[in-house]
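A quick write-up on the structure given underneath.
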Amino acid sequence: MSVKTEIKEEVTIKFAGDSGDGMQLTGSLFTDNTALEGSDLATFPDFPAEIRAPQGTLAGVSGFQLHFGSRRILTPGDEFDVLVAMNAAALKSNLGRLKPGSLIIANTDGFDSKNLRLAKYPDGINPLEDNSLSGFEVMTMPVTKLTMDALKEFDLGKSEKERSKNMFVLGFLYWKYNRKLDSTISYLSSKFKRKSDILEANLYVLKAGYHYGETTETFTTTYKVNAAPLEKGIYRSIMGNEALSIGLIAAAKKAGLSLFYGSYPITPASDILHYLSARKNFGVVTFQAEDEIAAICSAIGAAYGGNLAITGTSGPGMALKAEAMGLALMLELPLVICDIQRGGPSTGLPTKTEQSDLMQALYGRNGESPMPVIAAKSPSDCFYAAFEACRIALQHMVPVILLSDGYIANGAEPWMFPSAADLPEIKVQFAPPSDGETPYLPYLRNEDYVREWALPGTAGLAHRIGGLEKEANTGNVSYDPANHEYMVKIREAKVEKIADHIPPQSLEVGSESGDILVLGWGSTYGVIKSVVSDLVEEGHAVAHAHLRHLRPFPKNLESLLKQYQKVVIPEINNGQLSKVIRQHFLLDVIPYNKIQGVPITKSELKAFVQQLL
Amino acid sequence: MTVQNNGTTTLKAKDFASDQDVRWCPGCGDYSILKQTQTVFAELGLNRDEIAIVSGIGCSSRFPYYMETYGMHSIHGRAPAVACGLKMANPELHVWIVTGDGDGLSIGGNHFMHLLRRNFNVNLLMFNNQIYGLTKGQYSPTSEEHKMTKSTPFGSLDHPINPAAFALGSDATFVARSMDRDPKHLQAMIHRAHAHPGTSFLEIYQNCNIFNDGAFFAFTDKETKPETGILVEHGMPLRFGTRLEKGIRLDGTKPVVVDLEKDGFSVDDLWIHDEKDLYKAHILSRFFDHHNLSHQDGYLPRPFGVIYAVERPQYDVLLHEQLAEARQKQGEGDLDALIAGSTTWSIN
């Protein structure tokens with residue numbers, strides 16, 4: 001039988017299996033391979049909070065979603081064209097999001113009576129056999145058995161053999177999408193450099209999966225997705241947390257400072273700690289502190305000592321760090337606090353995404369405690385957002401909150417990366433030594449109300465700083481009523497003055513005035529841009545603006561917002577930016593909120609905006 | 001400040017005093033600790049610019065404001081964490097942490113424990129007055145049982161922390177105890193703390209004459225202190241009493257008080273203090289009987305001096321060695337290579 005190849009413009013694949021099935025790795029490897037083909041892409045990993053939730057259960061399903069295509073791809077896709085279901089639970093929990101007629105690749109070994117029971121199918125019901133999937137194209141294969149058979153001759157334990165079954169699926173998909181195996185072979189070779197037997201087994205199974213597609217006559221169609229019309233240049237694939245980490249290192253380098261990262265493990269921020277701790281040859285100091293409070297306090301100490309100091313966490317850790325953020329604000333030391341948001345409140349949804357820490361970032365401290373807040377909008381944008389957060393912290397002697405979230409932290413996209421030489425220098429000047437004849441005034445300010453950074457160890461500058469209210473200029477403890485009011489106002493003015501040093505708000509899509517402006521911040525970037533681009537193409541007067549700076553706002557924001565009949569603000573929270581914009585500009589914006597721990601889909605947002613037109 | 005013939009300056013104790021008015025209550029034990037610290041810093045010939053004092057919150061934590069050095073008055077309980085960060089950023093600095101029993105053992109107990117096990121090369125002075133002073137008189141984690149305070153009108157139910165035992169349990173490398181009322185001894189202990197490589201923990205009994213006056217009277221009063229306390233010195237037998245007529249003997253692992261004049265033991269039979277012996281240090285740290293019991297048989301006198309002092313690698317030193325090793329092995333990091341990652345492709 002001849003095999004025909006169909007060209008597809010875009011495809012969304014969902015890899016789903018038990019949390020021990022290696023679906024995250026399978027998805028990532030397929031993503032890397034896709035990137036090398038030149039397609040544009042966006043990914044969305046979705047995993048349970050438990051490391052090994054009970055095997056085979058619905059709670060234990062781990063998924064990885066990849067959307068790729070020969071056109072610009074801005075979201076991980078609303079519905080799936082392909083579902084890889086390693087067991088019954090994986091099928092059951094993803095069935096609702098399959099497009100009609102889509103392809104299901106099912107591992108029949110994951111549909112035995114035990115797996116069916118764990119997935120809570122009624123006795124005697126197997127969805128692969130009861131015609132309930134008749135609206136889909138179903139390919140069944142006993143992946144576990146085929147893997148074990150392929151490795152018959154290998155001298156490995158049963159569980160070690162079984163563990164490579166994800167490579168069988170990957171190999172099969174490479175055949176299905178006309179791919180080369182090179183990227184995965186080179187990944188495996190480096191990962192199992194010192195375990196040659198495991199390496200060989202994985203390579204063998206990978207190829208077995210590929211050949212299974214080739215030689216089994218039942219599979220008659222393969223697909224090809226061509227390269228996307230991306231801007232010319234050199235690309236890499238990047239995940240948000242990795243981009244953020246590199247951005248911090250780049251900022252330290254461009255400021256001529258050592259980087260200090262004090263952190264306490266927390267999902268989904270831990271990968272930043274992992275990444276930075278392996279970069280000691282860049283002079284990066286990572287300190288895994290005893291708790292969230294010690295993490296930020298160690299960073300404050302390092303900032304006092306002259307490092308570019310960073311702490312990273314997620315919502316619950318932000319709550320614990322609040323008092324210390326207030327200290328950094330009083331000390332007027334540079335510090336960046338990275339909040340990789342997740343579903344809240346309390347422990348909330350640790351592995352799910354949400355944008356619900358905006359209010360906490362803006363207001364979550366005691367006293368009058370304004371702090372600059374900036375947000376990253378996509379995985380690769382985490383690099384630039386981190387760089388910008390460091391720039392503001394260093395040049396304005398202020399703690400800065402950088403917001404990311406689980407979706408972009410773990411999501412990946414192609415990135416046309418900059419060269420180090422193209423990045424701007426960050427000018428940092430420490431207070432120079434003095435002869436000590438006149439007392440040093442640590443709280444004298446420049447025209448931007450910024451004080452000097454005077455490092456312990458500098459001759460003649462000995463001085464004391466602390467969390468008690470300071471007297472203007474001297475920094476001595478002061479309980480004077482007028483001084484307190486002055487200091488509160490000047491700390492606020494200092495933060496507001498940053499608006500003089502940030503670019504005006506620009507539009508992503510659309511024209512300077514019109515019917516609707518869709519205003520976003522953070523990880524809703526992709527879906528908003530995608531929706532607004534469509535609507536503009538369809539001839540509507542709609543525009544998209546995306547906020548990098550949430551405090552202070554760009555100076556032109558108010559006038560921009562008032563150029564539109566309506567302002568719509570989509571957020572993965574209960575309307576936090578909407579409240580802030582209303583309060584700032586007395587503008588009755590229209591919130592669009594989704595609070596389900598998952599990104600907003602293109603179709604639902606588009607439908608919402610359309611009914612407002 | 002005195003200018004020497006060779007042009008260098010020698011600082012005097014008063015050169016370490018800042019221009020700020022000291023605002024502790026008149027008669028507070030903190031004054032003595034401040035004075036002894038300034039004296040020792042001058043004796044050590046330290047430069048004011050190379051010292052940073054980090055404190056938390058509480059009466060004791062106002063200390064940095066009164067010292068003409070670098071200083072940070074941070075937040076409640078967190079001074080050790082701030083100090084660790086500062087020491088990592090600048091290992092050349094002499095970093096001193098000033099804390100109290102509430103700041104260091106209650107809200108900051110966690111950081112205290114981790115500071116000690118990591119063994120940063122910093123010094124920690126804990127002013128222990130067995131009371132919350134700045135919040136006006138609630139019992140603290142070192143207050144004795146049944147203490148009547150504003151927050152415990154029926155008597156405290158808390159069992160007190162034994163700071164020296166806590167420190168040893170956290171694998172501290174230097175544990176010492178002194179008191180505000182014995183300037184010479186306190187100075188000697190501050191000298192020892194400075195000299196120790198690693199975290200030096202110096203507990204200082206400090207009288208709060210407003211909310212807990214006389215808490216340590218039995219250890220500081222001329223009449224009672226020979227019976228209630230014992231000065232320990234490395235290589236010397238454990239002796240106490242008005243005429244040093246008493247001593248401590250180890251019967252197996254059990255410390256026993258003997259009367260050299262009556263019990264038929266000589267000085268040679270006594271426990272010789274060895275500040276490097278961890279097991280004996282643990283026993284010594286457990287000499288924690290309430291001083292009211294000092295008239296009773298079997299009362300073990302409260303030790304003052306260096307209870308334990310050993311060397312162990314310091315976190316800040318190990319950290320910078322690891323950085324240097326990484327740079328040597330992998331070469332100085334290349335930012336362009338980092339940004340590009342391992343796999344790239346071109347769109348033409």
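Ligands are numbered from 1 in the order shown, chains are lettered A, B, ... in the order of the structure tokens, and residues start at 1 in each chain.
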Using only C-alpha atoms, determine which residues lie at most 7 Å from segment 103-111 of chain A, disregarding the query and same-chain residues fewer than 4 positions distant; provide the list as number ranges by chain.
A: 81-88, 115-116, 136-144
List as a VMD selection string the protein and nucleic acid residues near Pro334 of chain A, meaning an atom at most 6 Å away when only C-alpha atoms are counted, but skip any in the same chain fewer than 4 places from it.
chain A and resid 393 to 394 397 to 399
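We find atom CA of Gly262 of chain A and atom CA of Val285 of chain A to be spaced 8.3 Å apart.
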Write out as a ChimeraX atom specification all residues of segment 137-305 of chain B that backbone DSSP assigns to alpha helix (DSSP H).
/B:163-169,183-195,217-220,225-228,278-285
Distance query Glu275 of chain B at most 8 Å, only C-alpha atoms, self and fewer than 2 positions along chain excluded, as a PyMOL selection string:
chain B and resi 233-234+273+277-278+281+306-310
Polymer residues at most 7 Å from Ala472 of chain A, only C-alpha atoms, same-chain spacing of 2 or more positions, as a list of chain:residue names
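In the requested format, the answer is A:Tyr443, A:Lys470, A:Thr474, A:Gly475, A:Asn483, A:Met487.
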Residues from the last selection, N, CA, C and O atoms, saved as a CSV table (one decimal), in the first residue's frame:
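Done, and the output landed in out-v4.csv:
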```
chain,number,residue,atom,x,y,z
A,443,TYR,N,21.1,59.2,52.3
A,443,TYR,CA,19.8,59.5,51.7
A,443,TYR,C,19.7,60.8,50.9
A,443,TYR,O,18.6,61.3,50.7
A,470,LYS,N,13.4,56.9,58.1
A,470,LYS,CA,14.7,57.7,58.1
A,470,LYS,C,14.5,59.2,58.0
A,470,LYS,O,13.5,59.6,57.3
A,474,THR,N,20.2,62.3,55.9
A,474,THR,CA,21.1,61.7,56.9
A,474,THR,C,20.8,60.2,57.0
A,474,THR,O,21.7,59.4,57.2
A,475,GLY,N,19.5,59.8,56.8
A,475,GLY,CA,19.2,58.4,57.0
A,475,GLY,C,19.1,58.0,58.5
A,475,GLY,O,18.8,56.9,58.8
A,483,ASN,N,8.6,64.8,58.5
A,483,ASN,CA,9.6,64.0,57.8
A,483,ASN,C,9.0,62.7,57.3
A,483,ASN,O,9.3,62.3,56.2
A,487,MET,N,9.0,61.6,53.5
A,487,MET,CA,9.7,60.4,53.0
A,487,MET,C,8.7,59.4,52.3
A,487,MET,O,9.0,58.8,51.3
```
Smallest atom-to-atom distance to Thr69 of chain B: which of B:Ala81, B:Leu46, B:Ala165, B:Ala89, using only C-alpha atoms?
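Once distances to Thr69 of chain B are computed over only C-alpha atoms, the minimum belongs to B:Leu46.
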